[in-house]
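Trainee: The structure under discussion is supplied below as structure tokens; questions concerning it will follow.
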Amino acid sequence: MTAVGRIVGIDLGTTFSAIATVMPTGKPVVLSNREGERLTPSVVLFEGAQSVLVGSMAKRSAVTAPLDVVEFVKRQMGNPDWKFETSTGEQYGAEAISAMILTRLKEDAELVLGAGQVTDAVITVPAFFDDARRRATRDAGTIAGLNVLRVLNEPTAAALAYGFVNHGDQTVLVFDLGGGTFDVTVLRIAGSDFDVIGTDGLHELGGFEWDNRLMEWLNDQFRQAGGPDLSEPFESAADLRDKAELAKHVLSQATTARVVLSGGGVTKSIIITREVFEGITADLLNQSRDLMISLVEEMGLAFSDIDNILLVGGSTRMPMVPRMVADISGRQPLQVDNVDELVALGAAIQADLLGPDGPMLDGPAPRISDVTSQGLGVIALNDQRIPCNTIVVARNSKIPSQGAEIFGTADDGQTAIRVHVTQGDDEDPGYVRLVTKGRYPDGGQPLAIPPYDAGAPIQVVLHYDIDQTIQVEVIDLTAGASLGTFEVDNVANLTDEELAEAIRKNKELGVG
Ligand SMILES: Nc1ncnc2c1ncn2[C@@H]1O[C@H](COP(=O)(O)OP(=O)(O)OP(=O)(O)O)[C@@H](O)[C@H]1O
Ligand SMILES: [Mg+2]
């Protein structure tokens, strides 16, 4: 038998990442990085073409070397049009940069666990991530030299970590507000069964948005005091972001924070109260509130049916969050100290369950059942020959899941069809994401058929696997023959050649 490495769980966050493992004692623990921190800033500093710095040192360099520092890269996962260009002209995609963060986490974990020991990982993603973003995350792990066992939903991971120490049957709502994303998930815990019943989220709602509001407000105050606009150039904007985030943290403890800004020969000390901060960010909080309410309603539940509300993510430390949740639900939410570690701990638990040597976990092995976060559909012409998106697998279906729909061919004698698979929940093709290649109507998966009369039945079977990646089968019902089964070759993702090249480059790179 080949030697197996240590299996880890990784929370690859927008602002902070963490790595955890189940120790031989059966307990999941977060592993400290080389700086001795339990959270590693998801920030990369490029130093020429061959070397990068990841973590706190890179974050601190954002002000002095803003053109070579990249932050919030998780926001760009699954976006093939985004590239970061360093001051020396090198270009990197979101997968390659995320891989640098993962490489750093892996190497730091190996300082604790032993060199070359970390081989397999479960990496978490926001529940609302679509296929392209999930694949991009998996690819980032592959580039970093990890065997990615599973891509796990962050709120599900958090619930696993919570349920590991808080036994008892219960319905739990996980409210996860991190640095860049918001997820809300409802699940039932019964014994060691974790059964997710519904999930929803916004991938552009997190601490970053709160920081932006505070930056704008501070900049306005500074300009009213005769100072220059600090939102440009990069250096002063990075400094403003730093100070805004720090002030936000202060306002979680104290009711006022003082921020000193300088530029253009003007220095000004500005005081912001928690009340003002809550006022300028109220609409952001309301977005999370409305989504939480609508998910509970969609599940056919009332807040009285929910036994516990678990707050996860660093942004739930802002007092406005537990207060709002308590107001809406009528119960005090649970606020554990390690809100930003639960996801990594849960990922470690899931990783342990998937390990080749069987679980080391202390206690009964949890059974996890999750749901799809987005509907899966096909674009077809309706009776008026207008393209419509037909949902084939509904959102919040148990995964793995499968759905099938029968469509008719459009024209007499047509000898090819194109299958356009979508992700999203709207009938209008303009509001969903195309996951098959090209644009409608020219792209899609081209398949040859015999020349039938119009209306010949073609069945499309869509399948979500446990990682929520998509598989498609198309069946010609006239001939009773499958036209093919294919994994959606997501246009937003790396090709095999690009992936191989990224692996090669990452190996050559010094990650410090
Ligand atoms: N005491 C605090 N008060 C207010 N905000 C805080 C506090 N501590 C952390 N945060 C904020 O929490 C966010 C980071 O949280 P977390 O580490 O959970 O996010 P993440 O995992 O990086 O992001 P995501 O899960 O969205 O990808 C940052 O925006 C940070 O400013
Ligand atoms: Mg997170």
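Ordering of the structure tokens sets the chain letters (A, B, ...); residue numbers start at 1 within each chain; ligands are numbered from 1 in the order shown.
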Using only C-alpha atoms and all ligand atoms, find each residue with an atom at most 10 Å away from ligand 2 and format the answer as a PyMOL selection string.

Mentor: chain A and resi 11-18+124-126+154-155+158+176-183+206+312-315+339-344

Trainee: Output the selection as a compact mmCIF listing (two decimals), in the first residue's frame - N, CA and C atoms for each residue.

Mentor:
```txt
# COMPACT_ATOMS: atom_id res chain seq x y z
N ASP A 11 -10.51 26.36 4.31
CA ASP A 11 -11.46 27.43 4.07
C ASP A 11 -10.73 28.50 3.26
N LEU A 12 -10.98 28.53 1.97
CA LEU A 12 -10.32 29.49 1.08
C LEU A 12 -11.21 30.73 1.02
N GLY A 13 -10.93 31.67 1.91
CA GLY A 13 -11.83 32.82 2.08
C GLY A 13 -11.47 34.00 1.20
N THR A 14 -12.41 34.93 1.08
CA THR A 14 -12.17 36.14 0.30
C THR A 14 -11.09 36.99 0.95
N THR A 15 -11.13 37.06 2.26
CA THR A 15 -10.16 37.91 2.97
C THR A 15 -9.20 37.10 3.82
N PHE A 16 -9.67 36.00 4.42
CA PHE A 16 -8.82 35.15 5.25
C PHE A 16 -9.06 33.69 4.92
N SER A 17 -7.97 32.91 4.98
CA SER A 17 -8.09 31.47 4.76
C SER A 17 -7.58 30.73 5.99
N ALA A 18 -8.04 29.48 6.13
CA ALA A 18 -7.60 28.67 7.28
C ALA A 18 -7.51 27.22 6.86
N THR A 124 -13.54 24.49 0.81
CA THR A 124 -14.92 24.98 0.92
C THR A 124 -15.19 26.12 -0.05
N VAL A 125 -16.46 26.24 -0.39
CA VAL A 125 -16.93 27.33 -1.27
C VAL A 125 -18.25 27.86 -0.73
N PRO A 126 -18.57 29.12 -1.03
CA PRO A 126 -19.90 29.61 -0.66
C PRO A 126 -20.97 28.70 -1.28
N GLU A 154 -19.64 26.08 2.40
CA GLU A 154 -19.15 26.67 3.66
C GLU A 154 -20.17 26.57 4.81
N PRO A 155 -21.44 26.94 4.60
CA PRO A 155 -22.36 26.82 5.75
C PRO A 155 -22.54 25.39 6.22
N ALA A 158 -19.62 24.66 8.38
CA ALA A 158 -19.76 25.30 9.69
C ALA A 158 -20.72 24.52 10.57
N ASP A 176 -24.09 33.10 7.41
CA ASP A 176 -22.63 33.21 7.20
C ASP A 176 -22.31 34.48 6.41
N LEU A 177 -21.82 35.48 7.14
CA LEU A 177 -21.44 36.74 6.50
C LEU A 177 -19.93 36.91 6.68
N GLY A 178 -19.20 36.68 5.58
CA GLY A 178 -17.74 36.72 5.65
C GLY A 178 -17.19 38.02 5.12
N GLY A 179 -16.06 37.92 4.43
CA GLY A 179 -15.42 39.11 3.89
C GLY A 179 -15.97 39.50 2.53
N GLY A 180 -16.44 38.49 1.79
CA GLY A 180 -16.87 38.79 0.43
C GLY A 180 -18.18 38.17 0.02
N THR A 181 -18.70 37.27 0.84
CA THR A 181 -19.92 36.57 0.43
C THR A 181 -20.87 36.40 1.61
N PHE A 182 -22.13 36.19 1.26
CA PHE A 182 -23.16 35.92 2.26
C PHE A 182 -23.91 34.65 1.86
N ASP A 183 -24.04 33.74 2.81
CA ASP A 183 -24.80 32.51 2.59
C ASP A 183 -25.78 32.32 3.74
N GLY A 206 -20.39 41.16 1.64
CA GLY A 206 -19.51 40.75 2.73
C GLY A 206 -18.87 41.98 3.35
N VAL A 312 -21.85 32.75 11.53
CA VAL A 312 -20.56 32.32 11.03
C VAL A 312 -19.98 33.46 10.21
N GLY A 313 -18.64 33.59 10.20
CA GLY A 313 -17.98 34.62 9.40
C GLY A 313 -17.68 35.84 10.23
N GLY A 314 -16.52 36.44 9.93
CA GLY A 314 -16.02 37.56 10.73
C GLY A 314 -16.97 38.74 10.80
N SER A 315 -17.76 38.95 9.73
CA SER A 315 -18.61 40.14 9.71
C SER A 315 -19.80 40.02 10.66
N VAL A 339 -15.84 32.27 15.16
CA VAL A 339 -16.74 32.36 13.99
C VAL A 339 -16.00 32.19 12.67
N ASP A 340 -14.73 32.60 12.64
CA ASP A 340 -14.00 32.51 11.37
C ASP A 340 -13.18 31.23 11.23
N GLU A 341 -13.37 30.28 12.17
CA GLU A 341 -12.64 29.00 12.07
C GLU A 341 -13.56 27.81 11.82
N LEU A 342 -14.86 28.01 12.05
CA LEU A 342 -15.80 26.88 11.97
C LEU A 342 -15.79 26.21 10.61
N VAL A 343 -15.67 27.01 9.56
CA VAL A 343 -15.73 26.46 8.20
C VAL A 343 -14.54 25.52 7.96
N ALA A 344 -13.35 25.96 8.35
CA ALA A 344 -12.16 25.11 8.17
C ALA A 344 -12.28 23.83 9.01
```

Trainee: Give me, as an NGL selection string, all polymer residues having an atom no more than 9 Å from region 20-35 of chain A, counting only C-alpha atoms and skipping those fewer than 2 positions away in the same chain.

Mentor: :A and (6-11 or 18 or 37-40 or 55-56 or 104-105 or 107-109 or 111-112 or 161 or 341 or 344-349 or 351-352 or 359-363)

Trainee: Hey, can you check how far CA of Pro451 (chain A) sits from CA of Phe407 (chain A)?

Mentor: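 Calculated distance between CA of Pro451 (chain A) and CA of Phe407 (chain A) is 15.7 Å.
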
Trainee: Using only C-alpha atoms and all ligand atoms, find the one residue out of A:Ile391, A:Leu434, A:Met320, A:Ile449 that sits nearest to ligand 1.

Mentor: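 Answer, going by the shortest atom-to-atom distance: A:Met320.
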
Trainee: Using the chain letters and numbers from this document, which residues of region 107-182 of chain A does DSSP assign to alpha helix (DSSP H), as a ChimeraX atom specification?

Mentor: /A:107-113,131-143,154-165

Trainee: Could you tell me how far CA of His420 (chain A) sits from CA of Ala454 (chain A), in Å to one decimal place?

Mentor: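 According to the coordinates, CA of Ala454 (chain A) and CA of His420 (chain A) are separated by 18.7 Å.
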
Trainee: For Val196 (chain A), work out the shell of residues within 10 Å, counting only C-alpha atoms and skipping chain neighbours fewer than 6 positions away, then give it as a PyMOL selection string.

Mentor: chain A and resi 155-156+159+171-173+185-189+368-372+396-398

Trainee: I need the chosen residues saved as a compact mmCIF listing (two decimals), in the first residue's frame, with N, CA and C atoms.

Mentor:
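The resulting file, part_39.txt, is reproduced below:
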```txt
# COMPACT_ATOMS: atom_id res chain seq x y z
N PRO A 155 -21.44 26.94 4.60
CA PRO A 155 -22.36 26.82 5.75
C PRO A 155 -22.54 25.39 6.22
N THR A 156 -22.48 24.44 5.29
CA THR A 156 -22.61 23.03 5.69
C THR A 156 -21.41 22.63 6.54
N ALA A 159 -21.83 24.05 9.97
CA ALA A 159 -22.81 23.29 10.75
C ALA A 159 -22.21 21.97 11.24
N THR A 171 -33.19 21.97 14.30
CA THR A 171 -33.17 22.66 13.00
C THR A 171 -32.33 23.91 13.19
N VAL A 172 -31.32 24.05 12.35
CA VAL A 172 -30.36 25.14 12.52
C VAL A 172 -30.37 26.02 11.27
N LEU A 173 -30.35 27.32 11.48
CA LEU A 173 -30.14 28.24 10.37
C LEU A 173 -28.72 28.78 10.50
N THR A 185 -28.32 29.18 5.15
CA THR A 185 -28.63 27.77 4.93
C THR A 185 -29.46 27.25 6.10
N VAL A 186 -30.45 26.43 5.78
CA VAL A 186 -31.24 25.79 6.85
C VAL A 186 -30.96 24.29 6.79
N LEU A 187 -30.66 23.71 7.94
CA LEU A 187 -30.46 22.26 7.95
C LEU A 187 -31.01 21.62 9.21
N ARG A 188 -31.29 20.32 9.07
CA ARG A 188 -31.77 19.54 10.22
C ARG A 188 -30.63 18.66 10.67
N ILE A 189 -30.39 18.67 11.96
CA ILE A 189 -29.41 17.76 12.52
C ILE A 189 -30.20 16.75 13.35
N ILE A 368 -23.77 13.45 5.68
CA ILE A 368 -24.09 14.79 5.20
C ILE A 368 -24.88 14.71 3.90
N SER A 369 -25.99 15.43 3.88
CA SER A 369 -26.76 15.47 2.64
C SER A 369 -27.00 16.94 2.32
N ASP A 370 -26.53 17.36 1.13
CA ASP A 370 -26.61 18.78 0.78
C ASP A 370 -27.57 18.99 -0.39
N VAL A 371 -27.81 20.26 -0.71
CA VAL A 371 -28.73 20.57 -1.82
C VAL A 371 -28.05 21.46 -2.86
N THR A 372 -28.63 21.51 -4.03
CA THR A 372 -28.12 22.39 -5.09
C THR A 372 -28.44 23.83 -4.71
N ASN A 396 -32.28 23.87 -4.63
CA ASN A 396 -32.57 23.17 -3.37
C ASN A 396 -33.03 21.73 -3.56
N SER A 397 -32.57 21.09 -4.66
CA SER A 397 -32.77 19.64 -4.80
C SER A 397 -31.61 18.94 -4.10
N LYS A 398 -31.89 17.77 -3.58
CA LYS A 398 -30.83 16.97 -2.93
C LYS A 398 -29.76 16.59 -3.94
```

Trainee: Leaving out region 259-276 of chain A and any residue of its chain fewer than 3 positions from it, which residues lie within 12 Å of it when counting only C-alpha atoms, given as a ChimeraX atom specification?

Mentor: /A:213-215,217-233,235-237,239-256,279-282,318-320

Trainee: With a distance cut-off of 10 Å and only C-alpha atoms, select the neighbouring residues of region 137-141 of chain A, excluding the residue or stretch itself and same-chain residues fewer than 3 positions from it, and output the selection as an MDAnalysis selection string.

Mentor: chainID A and resid 10 12 74 77:78 94:103 120:125 129 131:134 144:151 467 493:494 499 502:503

Trainee: Using only C-alpha atoms and all ligand atoms, which of the listed residues (A:Leu311, A:Leu67, A:Val44, A:Val378) sits closest to ligand 1?

Mentor: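 Closest residue, counting only C-alpha atoms and all ligand atoms: A:Leu311.
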
Trainee: I need the strand (DSSP E or B) residues of region 256-404 of chain A per DSSP on the backbone, written as an NGL selection string.

Mentor: :A and (256-263 or 266-273 or 308-312 or 334 or 367-369 or 371 or 376-381 or 387-393 or 398 or 401-404)

Trainee: Mind giving me the straight-line distance from CA of Asp465 (chain A) to CA of Ile197 (chain A) in Å, one decimal?

Mentor: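 Between these atoms lies a distance of 17.0 Å.
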
Trainee: Between A:Gln350, A:Gln423, A:Ser482, A:Gln76, which has the minimum distance to ligand 1 (counting only C-alpha atoms and all ligand atoms)?

Mentor: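 Of A:Gln350, A:Gln423, A:Ser482, A:Gln76, the one nearest ligand 1, counting only C-alpha atoms and all ligand atoms, is A:Gln76.
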
Trainee: Restricting the calculation to only C-alpha atoms and all ligand atoms: of A:Ala302, A:Leu202, A:Ile293, A:Ile470, which residue gets closest to ligand 1?

Mentor: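 Closest residue, counting only C-alpha atoms and all ligand atoms: A:Leu202.
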
Trainee: Find the residue from A:Ser329, A:Gln414, A:Asn389, A:Gln117 that sits nearest to Leu301 (chain A); use only C-alpha atoms when measuring.

Mentor: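 Checking each candidate against Leu301 (chain A), we get A:Ser329 as the closest.
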
Trainee: Counting only C-alpha atoms, which residue out of A:Arg75, A:Lys59, A:Arg395, A:Arg331 sits closest to Gly198 (chain A)?

Mentor: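 For Gly198 (chain A), the nearest of the candidates is A:Arg395.
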